[in-house]
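For reference, data02.txt (compact mmCIF, C-alpha atoms):
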# COMPACT_ATOMS: atom_id res chain seq x y z
CA MET U 1 119.35 160.83 72.48
CA ALA U 2 116.61 159.76 74.89
CA LYS U 3 115.79 160.99 78.36
CA VAL U 4 115.31 157.91 80.55
CA ALA U 5 115.19 156.78 84.16
CA PHE U 6 116.83 153.72 85.66
CA ILE U 7 115.54 152.36 88.97
CA GLY U 8 117.75 149.86 90.78
CA LEU U 9 121.54 150.00 90.63
CA GLY U 10 122.45 146.56 91.84
CA VAL U 11 124.92 144.13 90.32
CA MET U 12 123.01 144.22 87.03
CA GLY U 13 121.37 147.65 86.99
CA TYR U 14 124.56 149.60 87.78
CA PRO U 15 126.40 148.63 84.56
CA MET U 16 123.23 148.61 82.46
CA ALA U 17 122.43 152.19 83.42
CA GLY U 18 126.09 153.03 82.88
CA LEU U 19 126.01 151.76 79.31
CA LEU U 20 122.95 153.89 78.59
CA ALA U 21 124.82 156.90 79.93
CA ALA U 22 127.96 156.00 77.98
CA ALA U 23 125.87 155.87 74.80
CA GLY U 24 124.95 159.52 75.33
CA HIS U 25 121.44 159.19 76.77
CA GLN U 26 120.32 161.36 79.68
CA VAL U 27 119.84 158.94 82.59
CA GLN U 28 118.04 159.81 85.82
CA VAL U 29 118.65 157.17 88.50
CA TYR U 30 117.19 155.99 91.78
CA ASN U 31 118.53 153.34 94.12
CA ARG U 32 117.25 152.37 97.55
CA THR U 33 120.80 152.44 98.99
CA ALA U 34 121.81 156.05 98.40
CA SER U 35 125.55 155.40 98.60
CA ARG U 36 125.31 153.07 95.62
CA ALA U 37 123.54 155.77 93.58
CA GLN U 38 126.14 158.32 94.61
CA SER U 39 128.92 156.00 93.49
CA TRP U 40 127.20 155.62 90.12
CA GLN U 41 126.82 159.41 89.85
CA ARG U 42 130.52 159.99 90.55
CA ARG U 43 131.36 157.59 87.74
CA TYR U 44 128.83 158.68 85.11
CA GLY U 45 127.87 162.19 86.15
CA HIS U 46 124.10 161.97 85.70
CA GLN U 47 121.42 163.02 88.15
CA VAL U 48 120.43 160.95 91.20
CA TYR U 49 116.93 161.27 92.66
CA ALA U 50 115.57 160.54 96.13
CA THR U 51 112.46 158.61 95.06
CA PRO U 52 111.36 156.47 92.11
CA ARG U 53 108.68 159.05 91.36
CA ALA U 54 111.20 161.87 91.10
CA ALA U 55 113.48 159.80 88.84
CA ALA U 56 110.56 158.93 86.54
CA GLU U 57 109.45 162.54 86.09
CA ALA U 58 109.38 163.78 82.48
CA VAL U 59 111.19 160.86 80.86
CA ASP U 60 110.37 158.78 77.79
CA VAL U 61 111.27 155.39 79.24
CA VAL U 62 111.70 154.06 82.78
CA PHE U 63 113.92 151.00 83.21
CA CYS U 64 113.85 148.95 86.39
CA CYS U 65 115.99 146.14 87.81
CA VAL U 66 115.27 145.33 91.45
CA GLY U 67 115.02 142.18 93.55
CA ASN U 68 111.61 140.53 93.49
CA ASP U 69 107.85 141.03 93.13
CA GLU U 70 107.47 143.12 96.28
CA ASP U 71 110.51 145.28 95.49
CA LEU U 72 108.97 145.95 92.09
CA ARG U 73 105.63 146.93 93.60
CA GLN U 74 107.39 149.24 96.07
CA VAL U 75 109.19 151.22 93.37
CA THR U 76 106.22 151.42 91.00
CA LEU U 77 103.10 151.90 93.13
CA GLY U 78 102.05 154.42 95.76
CA GLU U 79 102.58 158.16 96.03
CA GLU U 80 106.37 157.93 95.60
CA GLY U 81 106.32 155.13 93.03
CA ALA U 82 107.42 155.62 89.44
CA PHE U 83 103.90 155.06 88.08
CA ALA U 84 102.72 158.21 89.84
CA ALA U 85 104.96 160.35 87.62
CA MET U 86 104.95 158.57 84.27
CA ALA U 87 103.46 160.49 81.37
CA ALA U 88 100.93 159.17 78.90
CA GLY U 89 102.70 157.45 76.02
CA SER U 90 105.84 156.61 78.01
CA ILE U 91 107.07 153.04 78.55
CA PHE U 92 108.08 151.12 81.67
CA VAL U 93 110.62 148.35 81.01
CA ASP U 94 111.09 145.89 83.85
CA HIS U 95 114.31 143.86 83.86
CA THR U 96 113.61 142.30 87.27
CA THR U 97 113.11 138.54 87.34
CA THR U 98 109.61 138.27 88.80
CA SER U 99 106.44 136.22 88.54
CA ALA U 100 104.42 136.54 85.35
CA SER U 101 101.41 137.48 87.48
CA VAL U 102 103.00 140.67 88.87
CA ALA U 103 104.02 141.66 85.33
CA ARG U 104 100.41 141.33 84.19
CA GLU U 105 99.16 143.18 87.28
CA LEU U 106 101.44 146.15 86.67
CA ALA U 107 100.76 146.16 82.94
CA GLU U 108 97.06 146.62 83.68
CA LYS U 109 97.80 149.53 86.02
CA ALA U 110 100.10 151.09 83.43
CA ARG U 111 97.49 150.74 80.69
CA ALA U 112 94.86 152.37 82.93
CA ASN U 113 97.18 155.35 83.30
CA GLY U 114 97.95 155.72 79.60
CA PHE U 115 101.45 154.29 79.37
CA SER U 116 102.92 150.91 78.41
CA PHE U 117 104.66 148.09 80.27
CA LEU U 118 107.18 145.53 79.03
CA ASP U 119 108.46 142.66 81.14
CA ALA U 120 112.04 142.13 79.98
CA PRO U 121 114.11 139.85 82.23
CA VAL U 122 117.71 139.28 81.20
CA SER U 123 120.23 136.46 81.03
CA GLY U 124 123.99 136.73 80.88
CA GLY U 125 124.91 137.62 84.44
CA GLN U 126 127.06 140.44 85.69
CA ALA U 127 129.63 139.94 82.94
CA GLY U 128 126.90 140.24 80.32
CA ALA U 129 125.61 143.45 81.89
CA GLU U 130 129.09 144.96 82.04
CA ASN U 131 130.03 143.93 78.50
CA GLY U 132 126.70 144.79 76.88
CA THR U 133 126.05 141.19 75.82
CA LEU U 134 122.82 140.34 77.67
CA ALA U 135 119.97 138.34 76.19
CA ILE U 136 116.61 140.00 76.87
CA MET U 137 113.31 138.09 76.89
CA VAL U 138 110.41 140.45 76.31
CA GLY U 139 106.68 140.27 76.94
CA GLY U 140 104.42 143.04 75.64
CA GLU U 141 103.39 144.85 72.47
CA GLN U 142 105.63 144.89 69.43
CA GLN U 143 105.21 148.64 68.84
CA ASP U 144 106.46 149.35 72.36
CA LEU U 145 109.47 147.12 71.89
CA LEU U 146 110.33 148.82 68.59
CA LYS U 147 110.49 152.15 70.43
CA VAL U 148 112.85 150.95 73.14
CA ARG U 149 114.93 148.42 71.19
CA PRO U 150 117.73 150.91 70.37
CA LEU U 151 118.05 151.60 74.09
CA LEU U 152 118.05 147.92 75.02
CA GLU U 153 120.78 147.30 72.48
CA CYS U 154 123.09 149.50 74.54
CA TYR U 155 123.53 146.51 76.87
CA ALA U 156 122.12 143.52 74.97
CA ARG U 157 123.21 141.43 72.01
CA ALA U 158 119.83 139.68 71.67
CA VAL U 159 116.35 141.12 72.23
CA THR U 160 113.40 138.81 71.54
CA LEU U 161 109.66 139.37 71.85
CA LEU U 162 108.04 136.17 73.16
CA GLY U 163 104.39 137.25 73.30
CA PRO U 164 102.07 139.32 75.49
CA VAL U 165 103.04 140.72 78.89
CA GLY U 166 104.23 137.92 81.16
CA SER U 167 105.85 135.96 78.32
CA GLY U 168 109.29 137.36 79.06
CA GLN U 169 109.08 136.17 82.66
CA LEU U 170 107.86 132.74 81.58
CA CYS U 171 110.83 132.45 79.21
CA LYS U 172 113.20 133.45 82.03
CA MET U 173 111.73 130.62 84.11
CA VAL U 174 112.62 128.20 81.32
CA ASN U 175 116.13 129.66 81.31
CA GLN U 176 116.57 129.06 85.03
CA VAL U 177 115.09 125.55 84.86
CA CYS U 178 117.60 124.60 82.15
CA LEU U 179 120.45 126.31 83.98
CA ALA U 180 119.78 124.43 87.23
CA GLY U 181 120.05 121.08 85.49
CA VAL U 182 123.20 122.02 83.58
CA ILE U 183 125.01 123.22 86.72
CA GLN U 184 124.07 120.11 88.68
CA GLY U 185 125.27 117.90 85.82
CA LEU U 186 128.58 119.77 85.64
CA ALA U 187 129.05 119.52 89.42
CA GLU U 188 128.42 115.76 89.35
CA GLY U 189 130.73 115.32 86.36
CA LEU U 190 133.62 117.14 88.03
CA HIS U 191 132.97 115.28 91.28
CA PHE U 192 133.00 111.95 89.45
CA ALA U 193 136.17 112.80 87.52
CA THR U 194 138.01 113.64 90.73
CA ALA U 195 136.74 110.52 92.54
CA ALA U 196 137.85 108.40 89.57
CA GLY U 197 141.38 109.75 89.81
CA LEU U 198 141.23 111.66 86.54
CA ASP U 199 142.73 115.08 85.88
CA ALA U 200 139.47 117.06 85.87
CA GLU U 201 141.03 119.93 83.92
CA GLN U 202 142.10 117.51 81.21
CA VAL U 203 138.66 115.92 81.20
CA VAL U 204 137.01 119.29 80.62
CA GLU U 205 139.49 120.10 77.88
CA VAL U 206 138.35 116.99 76.03
CA ILE U 207 134.62 116.93 76.64
CA SER U 208 134.15 120.67 76.10
CA LYS U 209 134.93 120.01 72.44
CA GLY U 210 131.93 117.70 72.17
CA ALA U 211 128.25 117.47 73.01
CA ALA U 212 128.74 118.11 76.73
CA GLN U 213 130.01 121.65 76.14
CA SER U 214 128.17 124.50 77.90
CA TRP U 215 128.72 128.09 78.99
CA GLN U 216 128.94 126.87 82.57
CA MET U 217 131.63 124.35 81.68
CA GLU U 218 133.69 126.91 79.79
CA ASN U 219 133.37 129.70 82.34
CA ARG U 220 132.99 128.00 85.73
CA HIS U 221 134.86 124.70 85.82
CA LYS U 222 138.18 126.23 86.92
CA THR U 223 136.70 128.17 89.83
CA MET U 224 134.60 125.14 90.81
CA LEU U 225 137.68 122.91 91.00
CA GLN U 226 139.46 125.60 93.03
CA GLY U 227 136.51 125.98 95.41
CA GLN U 228 136.12 129.67 94.55
CA TYR U 229 132.53 130.86 94.67
CA ASP U 230 132.79 134.53 95.69
CA HIS U 231 131.51 135.79 92.33
CA GLY U 232 128.66 135.50 89.87
CA PHE U 233 124.95 134.80 90.35
CA ALA U 234 124.18 134.09 94.00
CA VAL U 235 122.50 130.94 95.30
CA ASP U 236 119.95 133.10 97.16
CA TRP U 237 118.90 134.70 93.86
CA MET U 238 118.73 131.37 92.09
CA ARG U 239 116.45 129.94 94.77
CA LYS U 240 114.19 132.96 94.38
CA ASP U 241 114.02 132.36 90.64
CA LEU U 242 113.43 128.62 91.00
CA ALA U 243 110.64 129.27 93.50
CA ILE U 244 108.92 131.44 90.88
CA ALA U 245 109.28 128.70 88.27
CA LEU U 246 108.04 125.97 90.58
CA ASP U 247 105.06 128.08 91.61
CA GLU U 248 104.18 128.71 87.96
CA ALA U 249 104.51 124.98 87.24
CA ARG U 250 101.95 124.24 89.94
CA ARG U 251 99.58 126.54 88.07
CA ASN U 252 100.15 125.24 84.54
CA GLY U 253 100.65 121.57 85.38
CA ALA U 254 104.25 121.30 84.14
CA LEU U 255 106.34 118.59 85.84
CA LEU U 256 109.71 119.83 87.08
CA PRO U 257 111.16 116.99 89.20
CA ILE U 258 114.83 117.79 88.51
CA THR U 259 114.27 121.51 89.15
CA ALA U 260 112.63 120.75 92.50
CA LEU U 261 115.51 118.45 93.43
CA VAL U 262 118.21 120.97 92.51
CA ASP U 263 116.32 123.63 94.45
CA GLN U 264 116.65 121.41 97.52
CA PHE U 265 120.36 120.96 96.80
CA TYR U 266 120.71 124.74 96.78
CA SER U 267 118.97 124.88 100.15
CA GLU U 268 121.76 122.62 101.45
CA VAL U 269 124.36 125.02 100.04
CA GLN U 270 122.58 127.84 101.89
CA ALA U 271 122.76 125.78 105.08
CA GLN U 272 126.53 125.55 104.54
CA GLY U 273 126.64 129.36 104.59
CA GLY U 274 126.73 129.66 100.81
CA GLY U 275 123.73 131.86 100.16
CA ARG U 276 125.90 134.46 98.45
CA TRP U 277 128.11 131.94 96.66
CA ASP U 278 127.90 131.56 92.89
CA THR U 279 125.38 128.99 91.66
CA SER U 280 128.26 126.74 90.57
CA SER U 281 128.78 125.99 94.28
CA LEU U 282 126.65 122.85 93.88
CA LEU U 283 130.03 121.12 93.71
CA ALA U 284 130.77 122.26 97.28
CA ARG U 285 127.74 120.31 98.44
CA LEU U 286 128.95 117.15 96.70
CA SER U 287 132.43 117.45 98.18
CA ASN U 288 130.86 117.17 101.63
CA LEU U 289 129.02 113.94 100.80
CA ARG U 290 130.37 110.46 101.36
CA PRO U 291 131.63 108.75 98.18
CA PHE U 292 129.18 106.50 96.35
CA LYS U 293 129.21 102.89 97.58
Represent the supplied structure as structure tokens.
Amino acid sequence: MAKVAFIGLGVMGYPMAGLLAAAGHQVQVYNRTASRAQSWQRRYGHQVYATPRAAAEAVDVVFCCVGNDEDLRQVTLGEEGAFAAMAAGSIFVDHTTTSASVARELAEKARANGFSFLDAPVSGGQAGAENGTLAIMVGGEQQDLLKVRPLLECYARAVTLLGPVGSGQLCKMVNQVCLAGVIQGLAEGLHFATAAGLDAEQVVEVISKGAAQSWQMENRHKTMLQGQYDHGFAVDWMRKDLAIALDEARRNGALLPITALVDQFYSEVQAQGGGRWDTSSLLARLSNLRPFK
């Protein structure tokens, strides 16, 4: 059994750290909101620490899942950051969805201090984190991944090394680009079915057996048709992720016209007060538009 730290007990980190604890590993946790960490401690019984540095003291692996680039810098760097306590030969595994550039920046700092860094963003949402079925996209060295793979498999069904540090984040950008297009297509399809006078549930029953099938269709069409969006991956988070992808595309020359358009559609959902709605709320935006002429 390993001695590890987990920094960030949000929607994803809370169950991920819990599955590590349930597997018998010793888990030291830190969360910026102390009440959240205390709730986790009451459930799992492991030690809570007041700073990232304290949580990262004398552990083999530090896992992290926070909000964005700056959140990641805050919990890793400085006198109270995790990097200040990490021992030579240990490994930092970052599950945050960030830019590839911050992953490379922190990997250099880790290397200078004698430990390793893996960028390892995840896909699968809250349900995947709770059920241990996440897909993890990894950037870094193969020998480091081999050491932590048994730990990652506590909450993942697929762990794939894509290349050097930063590759995991680049793969996550591809994931979000594809997801944005799929959700917009599903929203338009359901909107069209309703406008055409069809039974949208029946339509989905038919087309989900063919080439149009997707995870979003199977898992979100019912709540979309019911106008229920108080669950799942928030629009605010999706816009953060799409901004990262669009920024990277400006660097590498990739053309992402549909991604840029869907990002603007999400900004309209935010303007409707839907920043915390599930990403499937693109249908809510369409329901407020005039019918096609």
For Leu286 in chain U, work out the shell of residues within 12 Å, counting all atoms listed in the file and skipping chain neighbours fewer than 2 positions away, then give it as a PyMOL selection string.
chain U and resi 184-192+194-195+224-225+227+265-266+268-269+272+280-284+288-292
Can you tell me, as JSON, numbers by chain, what residues are no more than 8 Å from Asp230 in chain U when counting all atoms listed in the file, ignoring any on the same chain fewer than 5 positions away?
{"U": [276, 277, 278]}
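For Leu151 in chain U, the residues within 10 Å (counting only C-alpha atoms, excluding itself and residues fewer than 5 positions away along the chain) are U:Met1, U:Ala2, U:Val4, U:Leu19, U:Leu20, U:Ala23, U:His25, U:Val61, U:Leu145, U:Leu146, U:Ala156.
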Residues just named, written with C-alpha atoms as an mmCIF file, in the coordinates of the input:
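Result file follows (out.cif):
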data_model
loop_
_atom_site.group_PDB
_atom_site.id
_atom_site.type_symbol
_atom_site.label_atom_id
_atom_site.label_comp_id
_atom_site.auth_asym_id
_atom_site.auth_seq_id
_atom_site.Cartn_x
_atom_site.Cartn_y
_atom_site.Cartn_z
ATOM 1 C CA MET U 1 119.350 160.830 72.480
ATOM 2 C CA ALA U 2 116.610 159.760 74.890
ATOM 3 C CA VAL U 4 115.310 157.910 80.550
ATOM 4 C CA LEU U 19 126.010 151.760 79.310
ATOM 5 C CA LEU U 20 122.950 153.890 78.590
ATOM 6 C CA ALA U 23 125.870 155.870 74.800
ATOM 7 C CA HIS U 25 121.440 159.190 76.770
ATOM 8 C CA VAL U 61 111.270 155.390 79.240
ATOM 9 C CA LEU U 145 109.470 147.120 71.890
ATOM 10 C CA LEU U 146 110.330 148.820 68.590
ATOM 11 C CA ALA U 156 122.120 143.520 74.970
#
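Among U:Ala135, U:Val29, U:Ala58, U:Val75, the residue with the shortest atom-to-atom distance to His46 in chain U, counting all atoms listed in the file, is U:Val29.
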If you measure from CA of Gly89 in chain U to CA of Gly13 in chain U, what distance in Å do you get, rounded to one decimal?
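A separation of 23.8 Å between them.
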Which polymer residues have any atom within 10 Å of an atom of Ile258 in chain U, counting all atoms listed in the file, with same-chain residues fewer than 4 positions away left out, as a list of chain:residue names?
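Here the qualifying residues turn out to be U:Val177, U:Cys178, U:Ala180, U:Gly181, U:Gln184, U:Val262, U:Asp263, U:Gln264.
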Can you tell me, as an MDAnalysis selection string, what residues are no more than 9 Å from Asp144 in chain U when counting only C-alpha atoms, ignoring any on the same chain fewer than 2 positions away?
chainID U and resid 91 116:118 140:142 146:149
Could you write out the selected residues, including C-alpha atoms, as a compact mmCIF listing (two decimals), in the coordinates of the input?
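Heads up, here's the output in again_6.txt:
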# COMPACT_ATOMS: atom_id res chain seq x y z
CA ILE U 91 107.07 153.04 78.55
CA SER U 116 102.92 150.91 78.41
CA PHE U 117 104.66 148.09 80.27
CA LEU U 118 107.18 145.53 79.03
CA GLY U 140 104.42 143.04 75.64
CA GLU U 141 103.39 144.85 72.47
CA GLN U 142 105.63 144.89 69.43
CA LEU U 146 110.33 148.82 68.59
CA LYS U 147 110.49 152.15 70.43
CA VAL U 148 112.85 150.95 73.14
CA ARG U 149 114.93 148.42 71.19
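Taking only C-alpha atoms into account, Ala243 in chain U lies nearest to U:Met173 out of the set U:Val159, U:Ala200, U:Ala211, U:Met173.
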So, with only C-alpha atoms as the atoms that count, which of U:Gln74, U:Thr223, U:Gln28, U:Gln213 lies closest to Tyr44 in chain U?
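Looking only at the distances to Tyr44 in chain U, the closest residue turns out to be U:Gln28.
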For range 160-172 of chain U, take all atoms listed in the file, fit an axis-aligned box around them, add 8 Å to each of the six sides, then output centre and edge lengths in Å rounded to one decimal, as lines of an AutoDock Vina configuration file.
center_x = 107.7
center_y = 136.6
center_z = 77.1
size_x = 27.3
size_y = 24.3
size_z = 27.1
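The space separating CA of Gln143 in chain U from CA of Asn175 in chain U comes to 25.2 Å.
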In Å, how far is it from CA of Phe6 in chain U to CA of Ala56 in chain U?
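CA of Phe6 in chain U sits 8.2 Å away from CA of Ala56 in chain U.
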Looking at only C-alpha atoms, which of U:Glu201, U:Glu80, U:Glu218, U:Asp94 is the one that sits closest to Asp119 in chain U?
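Among the listed residues, the smallest separation from Asp119 in chain U belongs to U:Asp94.
Among the candidates U:Glu130, U:Asp247, U:Asp71, U:Asp236, the one nearest to Arg32 in chain U when counting only C-alpha atoms is U:Asp71.
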Assuming the input is short of atoms at range 17-39 of chain U, produce N, CA, C and O atoms for that part as a tab-separated table (two decimals), in the frame of the given file.
chain	number	residue	atom	x	y	z
U	17	ALA	N	122.66	150.75	83.45
U	17	ALA	CA	122.43	152.19	83.42
U	17	ALA	C	123.67	152.93	82.94
U	17	ALA	O	123.58	153.93	82.22
U	18	GLY	N	124.84	152.42	83.31
U	18	GLY	CA	126.09	153.03	82.88
U	18	GLY	C	126.28	152.98	81.37
U	18	GLY	O	126.75	153.94	80.76
U	19	LEU	N	125.88	151.87	80.76
U	19	LEU	CA	126.01	151.76	79.31
U	19	LEU	C	125.04	152.68	78.58
U	19	LEU	O	125.36	153.21	77.51
U	20	LEU	N	123.87	152.91	79.16
U	20	LEU	CA	122.95	153.89	78.59
U	20	LEU	C	123.57	155.29	78.64
U	20	LEU	O	123.51	156.06	77.68
U	21	ALA	N	124.18	155.60	79.78
U	21	ALA	CA	124.82	156.90	79.93
U	21	ALA	C	126.01	157.05	78.97
U	21	ALA	O	126.19	158.08	78.33
U	22	ALA	N	126.79	155.97	78.86
U	22	ALA	CA	127.96	156.00	77.98
U	22	ALA	C	127.56	156.18	76.52
U	22	ALA	O	128.34	156.72	75.71
U	23	ALA	N	126.35	155.74	76.17
U	23	ALA	CA	125.87	155.87	74.80
U	23	ALA	C	125.35	157.28	74.51
U	23	ALA	O	124.97	157.58	73.38
U	24	GLY	N	125.34	158.14	75.53
U	24	GLY	CA	124.95	159.52	75.33
U	24	GLY	C	123.54	159.87	75.76
U	24	GLY	O	123.11	161.02	75.62
U	25	HIS	N	122.80	158.91	76.32
U	25	HIS	CA	121.44	159.19	76.77
U	25	HIS	C	121.46	159.89	78.13
U	25	HIS	O	122.40	159.71	78.92
U	26	GLN	N	120.45	160.69	78.38
U	26	GLN	CA	120.32	161.36	79.68
U	26	GLN	C	119.64	160.38	80.63
U	26	GLN	O	118.50	159.97	80.40
U	27	VAL	N	120.32	159.99	81.70
U	27	VAL	CA	119.84	158.94	82.59
U	27	VAL	C	119.62	159.50	83.99
U	27	VAL	O	120.56	160.00	84.63
U	28	GLN	N	118.39	159.40	84.46
U	28	GLN	CA	118.04	159.81	85.82
U	28	GLN	C	117.90	158.53	86.65
U	28	GLN	O	117.16	157.63	86.27
U	29	VAL	N	118.62	158.44	87.78
U	29	VAL	CA	118.65	157.17	88.50
U	29	VAL	C	118.10	157.29	89.92
U	29	VAL	O	118.15	158.35	90.54
U	30	TYR	N	117.60	156.15	90.37
U	30	TYR	CA	117.19	155.99	91.78
U	30	TYR	C	117.67	154.63	92.27
U	30	TYR	O	117.57	153.63	91.54
U	31	ASN	N	118.18	154.61	93.48
U	31	ASN	CA	118.53	153.34	94.12
U	31	ASN	C	118.19	153.44	95.60
U	31	ASN	O	118.38	154.49	96.22
U	32	ARG	N	117.67	152.35	96.15
U	32	ARG	CA	117.25	152.37	97.55
U	32	ARG	C	118.42	152.69	98.49
U	32	ARG	O	118.27	153.45	99.44
U	33	THR	N	119.59	152.12	98.22
U	33	THR	CA	120.80	152.44	98.99
U	33	THR	C	121.45	153.65	98.33
U	33	THR	O	122.04	153.56	97.24
U	34	ALA	N	121.37	154.79	99.01
U	34	ALA	CA	121.81	156.05	98.40
U	34	ALA	C	123.29	156.05	98.05
U	34	ALA	O	123.70	156.63	97.04
U	35	SER	N	124.11	155.39	98.86
U	35	SER	CA	125.55	155.40	98.60
U	35	SER	C	125.89	154.74	97.27
U	35	SER	O	126.83	155.14	96.58
U	36	ARG	N	125.10	153.74	96.90
U	36	ARG	CA	125.31	153.07	95.62
U	36	ARG	C	124.99	154.03	94.47
U	36	ARG	O	125.72	154.08	93.48
U	37	ALA	N	123.92	154.79	94.60
U	37	ALA	CA	123.54	155.77	93.58
U	37	ALA	C	124.59	156.87	93.48
U	37	ALA	O	124.93	157.33	92.38
U	38	GLN	N	125.13	157.28	94.62
U	38	GLN	CA	126.14	158.32	94.61
U	38	GLN	C	127.43	157.85	93.93
U	38	GLN	O	128.10	158.60	93.23
U	39	SER	N	127.75	156.57	94.16
U	39	SER	CA	128.92	156.00	93.49
U	39	SER	C	128.72	156.00	91.98
U	39	SER	O	129.64	156.34	91.22
